[in-house]
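Visitor: Before I ask anything, here is the structure I am working with.
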Amino acid sequence: MGTPVTALPREFFARGVLEVARDLLGRVVRHETPEGAVAVRLTEVEAYAGEADPGSHAFRGRTPRTEVMFGPAGHAYVYFSYGMHWCVNLVTGREGTASAVLLRAGEVVEGLELARERRRAARRDADLARGPARLTQALAIAREQGGADVCAGGPLSVLAGEPVPDAAVSWGPRVGVAGAGAPTPWRTWTTGDPTVSAYRAAVPRRPRRS
DNA sequence: CCGGTGATGGACT
DNA sequence: GTCCATCACCGGA
């Protein structure tokens with residue numbers, strides 16, 4: 001038979017954000033749509049530590065956009081980025097803490113043909129979900145998945161997959177977040193995996209003329 | 001391989 | 001008005 005289809009339980013997500021981030025590596029995010037299912041084995045994620053974290057969208061408190069992050073663990077916080085892209089986080093910790101893990105990259109392990117159709121620009125399969133907005137495009141995650149409960153057996157779920165051993169786990173700084181230089185390595189990835197996104201330091205925005 | 005840059009729209013000050 | 005938790009594409013080495 002094969003692949004276990006049981007979603008990870010809410011208790012998995014209701015822990016400290018760094019612990020959840022590390023344990024998400026190797027897990028499988030699966031999204032089933034009328035077109036078919038695509039699943040991605042996570043290779044890179046990034047932790048955001050709630051209201052106290054200057055890099056987090058929750059830093060300025062509860063707003064309509066960030067409301068989901070303040071809710072219970074195991075729900076999807078989906079946000080619109082740079083006027084073009086969608087990115088997805090999984091809410092972690094106790095209700096009210098607003099911590100979450102950004103899904104940054106993964107390897108497509110189901111629905112390869114469909115993922116290729118959704119990601120025409122990808123030159124290699126390793127690029128299909130290499131980067132947070134590429135991952136959501138491969139999985140067809142957008143506004144409608146905002147707030148989705150990934151522990152409820154719905155179309156969007158996180159399957160057990162195969163956890164990554166400590167020896168294969170790397171840690172480092174966040175990508176593209178202004179106010180970097182934080183002492184904590186918030187990003188974690190599977191060492192040497194070709195689907196891990198390229199590291200780029202946060203670049204100062206170029207001045208825009210009027 | 002690498003660095004530079006335009007696209008594009010919503011959230012927030 | 002300013003700031004983006006980004007990506008694709010281009011030109012140069």
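Simple scheme: letters A, B, ... for chains in structure tokens order, numbers from 1 for residues in each chain, numbers from 1 for ligands in the order shown.
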Run DSSP on the backbone of this structure and report the residues of region 19-175 of chain A it assigns to strand (DSSP E or B), as a PyMOL selection string.
Guide: chain A and resi 28-33+36-49+75-81+85-92+99-110+130+149+156-159+169-172
Visitor: Kindly assemble as CSV a list of the chain A residues that lie within 8 Å of chain C, each paired with its nearest atom pair and their distance in Å to one decimal, using only C-alpha atoms (C1' of nucleotides), sorted first by chain and then by ascending residue number.
Guide:
residue,atom,partner,partner_atom,distance
A:Gly55,CA,C:DA5,C1',7.9
A:Ser56,CA,C:DA5,C1',7.9
A:Ser81,CA,C:DT6,C1',7.1
A:Tyr82,CA,C:DC4,C1',6.3
A:His85,CA,C:DT6,C1',6.9
A:Leu102,CA,C:DA5,C1',7.7
A:Ala121,CA,C:DA8,C1',7.9
A:Pro132,CA,C:DT6,C1',8.0
A:Ala133,CA,C:DT6,C1',6.7
A:Val175,CA,C:DA5,C1',7.4
A:Gly176,CA,C:DA5,C1',6.5
A:Val177,CA,C:DA5,C1',5.8
Visitor: Quick one: write out the picked residues with C-alpha atoms as a short mmCIF file (atom, residue, chain, number, x, y, z; two decimals), in the first residue's frame?
Guide:
data_model
loop_
_atom_site.label_atom_id
_atom_site.label_comp_id
_atom_site.auth_asym_id
_atom_site.auth_seq_id
_atom_site.Cartn_x
_atom_site.Cartn_y
_atom_site.Cartn_z
CA GLY A 55 11.24 39.97 11.54
CA SER A 56 7.75 38.59 11.95
CA SER A 81 4.23 39.15 -1.32
CA TYR A 82 5.74 41.70 -3.67
CA HIS A 85 3.59 35.87 -4.97
CA LEU A 102 7.60 29.64 6.68
CA ALA A 121 9.76 28.56 -15.76
CA PRO A 132 8.83 29.99 -0.85
CA ALA A 133 6.78 31.40 -3.73
CA VAL A 175 16.75 34.93 3.90
CA GLY A 176 15.59 38.28 2.62
CA VAL A 177 14.41 39.61 5.96
#
Visitor: Pull out every residue of chain B that has at least one atom within 7 Å of chain A, counting only C-alpha atoms (C1' of nucleotides), and report them as a count of residues only.
Guide: 3
Visitor: DSSP on the backbone, then: every residue of region 1-204 of chain A marked helix (DSSP H, G or I), written as a PyMOL selection string.
Guide: chain A and resi 10-13+17-24+50-52+57-60+67-70+112-118+125-127+132-139+143-145+166-168
Visitor: Show which residues sit within 10 Å of Val40 (chain A), as a list in words. Count only C-alpha atoms (C1' of nucleotides), and ignore same-chain residues fewer than 5 positions away.
Guide: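 Once the nearby chain positions are removed, what remains is Gly26, Arg27, Val28, Val29, Arg30, His31, Ala105, Gly106, Glu107, Val108, Val109, Glu110, Gly111, Leu112, Ala115, Leu128, Ala129, Leu135, Ala138, Leu139, Val158, Leu159 and Gly161 of chain A.
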Visitor: Could you save the residues just selected, with N, CA, C and O atoms, as a CSV table (one decimal), in the first residue's frame?
Guide:
chain,number,residue,atom,x,y,z
A,26,GLY,N,11.8,17.0,6.0
A,26,GLY,CA,11.5,15.6,5.6
A,26,GLY,C,10.0,15.2,5.6
A,26,GLY,O,9.6,14.2,5.1
A,27,ARG,N,9.2,16.1,6.2
A,27,ARG,CA,7.7,15.9,6.2
A,27,ARG,C,7.2,16.3,4.8
A,27,ARG,O,7.8,17.0,4.1
A,28,VAL,N,6.0,15.8,4.6
A,28,VAL,CA,5.4,16.0,3.2
A,28,VAL,C,4.1,16.9,3.2
A,28,VAL,O,3.1,16.5,3.9
A,29,VAL,N,4.2,18.0,2.6
A,29,VAL,CA,3.0,18.9,2.4
A,29,VAL,C,2.3,18.4,1.2
A,29,VAL,O,2.9,18.4,0.1
A,30,ARG,N,1.0,18.1,1.3
A,30,ARG,CA,0.2,17.6,0.2
A,30,ARG,C,-1.0,18.5,0.0
A,30,ARG,O,-1.7,18.8,1.0
A,31,HIS,N,-1.3,18.9,-1.2
A,31,HIS,CA,-2.5,19.7,-1.6
A,31,HIS,C,-3.2,19.0,-2.7
A,31,HIS,O,-2.7,18.8,-3.8
A,105,ALA,N,11.2,25.6,0.9
A,105,ALA,CA,11.6,24.8,-0.3
A,105,ALA,C,11.3,23.4,0.0
A,105,ALA,O,11.2,22.9,1.2
A,106,GLY,N,11.2,22.6,-1.1
A,106,GLY,CA,11.0,21.2,-0.9
A,106,GLY,C,11.2,20.5,-2.3
A,106,GLY,O,11.5,21.1,-3.3
A,107,GLU,N,11.1,19.1,-2.2
A,107,GLU,CA,11.2,18.3,-3.4
A,107,GLU,C,9.9,17.7,-3.7
A,107,GLU,O,9.2,17.2,-2.9
A,108,VAL,N,9.5,17.8,-5.0
A,108,VAL,CA,8.2,17.3,-5.4
A,108,VAL,C,8.2,15.8,-5.4
A,108,VAL,O,9.1,15.2,-6.0
A,109,VAL,N,7.4,15.2,-4.6
A,109,VAL,CA,7.4,13.7,-4.5
A,109,VAL,C,6.1,13.1,-5.0
A,109,VAL,O,5.9,11.8,-5.0
A,110,GLU,N,5.1,13.9,-5.4
A,110,GLU,CA,3.9,13.4,-6.0
A,110,GLU,C,3.3,14.5,-6.9
A,110,GLU,O,3.5,15.6,-6.7
A,111,GLY,N,2.8,14.0,-8.0
A,111,GLY,CA,2.2,15.0,-9.0
A,111,GLY,C,3.2,15.8,-9.8
A,111,GLY,O,3.0,16.9,-10.1
A,112,LEU,N,4.3,15.1,-10.1
A,112,LEU,CA,5.4,15.8,-10.8
A,112,LEU,C,4.9,16.5,-12.1
A,112,LEU,O,5.3,17.6,-12.4
A,115,ALA,N,3.0,19.6,-11.3
A,115,ALA,CA,3.9,20.6,-10.8
A,115,ALA,C,4.7,21.2,-11.9
A,115,ALA,O,4.9,22.5,-11.9
A,128,LEU,N,11.5,23.2,-9.0
A,128,LEU,CA,10.0,23.3,-9.0
A,128,LEU,C,9.5,23.9,-7.7
A,128,LEU,O,8.5,24.7,-7.7
A,129,ALA,N,10.0,23.6,-6.6
A,129,ALA,CA,9.6,24.1,-5.3
A,129,ALA,C,10.8,24.7,-4.5
A,129,ALA,O,10.8,24.6,-3.3
A,135,LEU,N,7.3,27.2,-4.2
A,135,LEU,CA,6.7,26.1,-3.5
A,135,LEU,C,5.2,26.2,-3.5
A,135,LEU,O,4.4,25.3,-3.8
A,138,ALA,N,3.9,25.5,-7.0
A,138,ALA,CA,3.8,24.1,-7.4
A,138,ALA,C,2.7,23.4,-6.7
A,138,ALA,O,2.1,22.5,-7.2
A,139,LEU,N,2.4,23.9,-5.5
A,139,LEU,CA,1.3,23.2,-4.7
A,139,LEU,C,-0.1,23.9,-4.9
A,139,LEU,O,-1.1,23.4,-4.4
A,158,VAL,N,-0.2,17.9,6.1
A,158,VAL,CA,1.2,17.6,6.3
A,158,VAL,C,1.3,16.2,6.8
A,158,VAL,O,0.8,15.8,7.8
A,159,LEU,N,1.9,15.3,5.9
A,159,LEU,CA,2.0,13.9,6.2
A,159,LEU,C,3.4,13.6,6.9
A,159,LEU,O,4.3,14.4,6.8
A,161,GLY,N,5.8,11.6,6.4
A,161,GLY,CA,7.1,11.5,5.6
A,161,GLY,C,8.2,10.8,6.4
A,161,GLY,O,7.9,9.9,7.2
Visitor: Which of these residues is nearest to Ala21 (chain A), using only C-alpha atoms: A:Asp125, A:Glu113, A:Glu162, A:Glu46?
Guide: A:Glu46
Visitor: Counting only C-alpha atoms (C1' of nucleotides), figure out which residue out of A:Arg119, A:Arg41, A:His57, A:Arg134 gets nearest to DA11 (chain B).
Guide: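 Closest to DA11 (chain B) of all the choices is A:His57.
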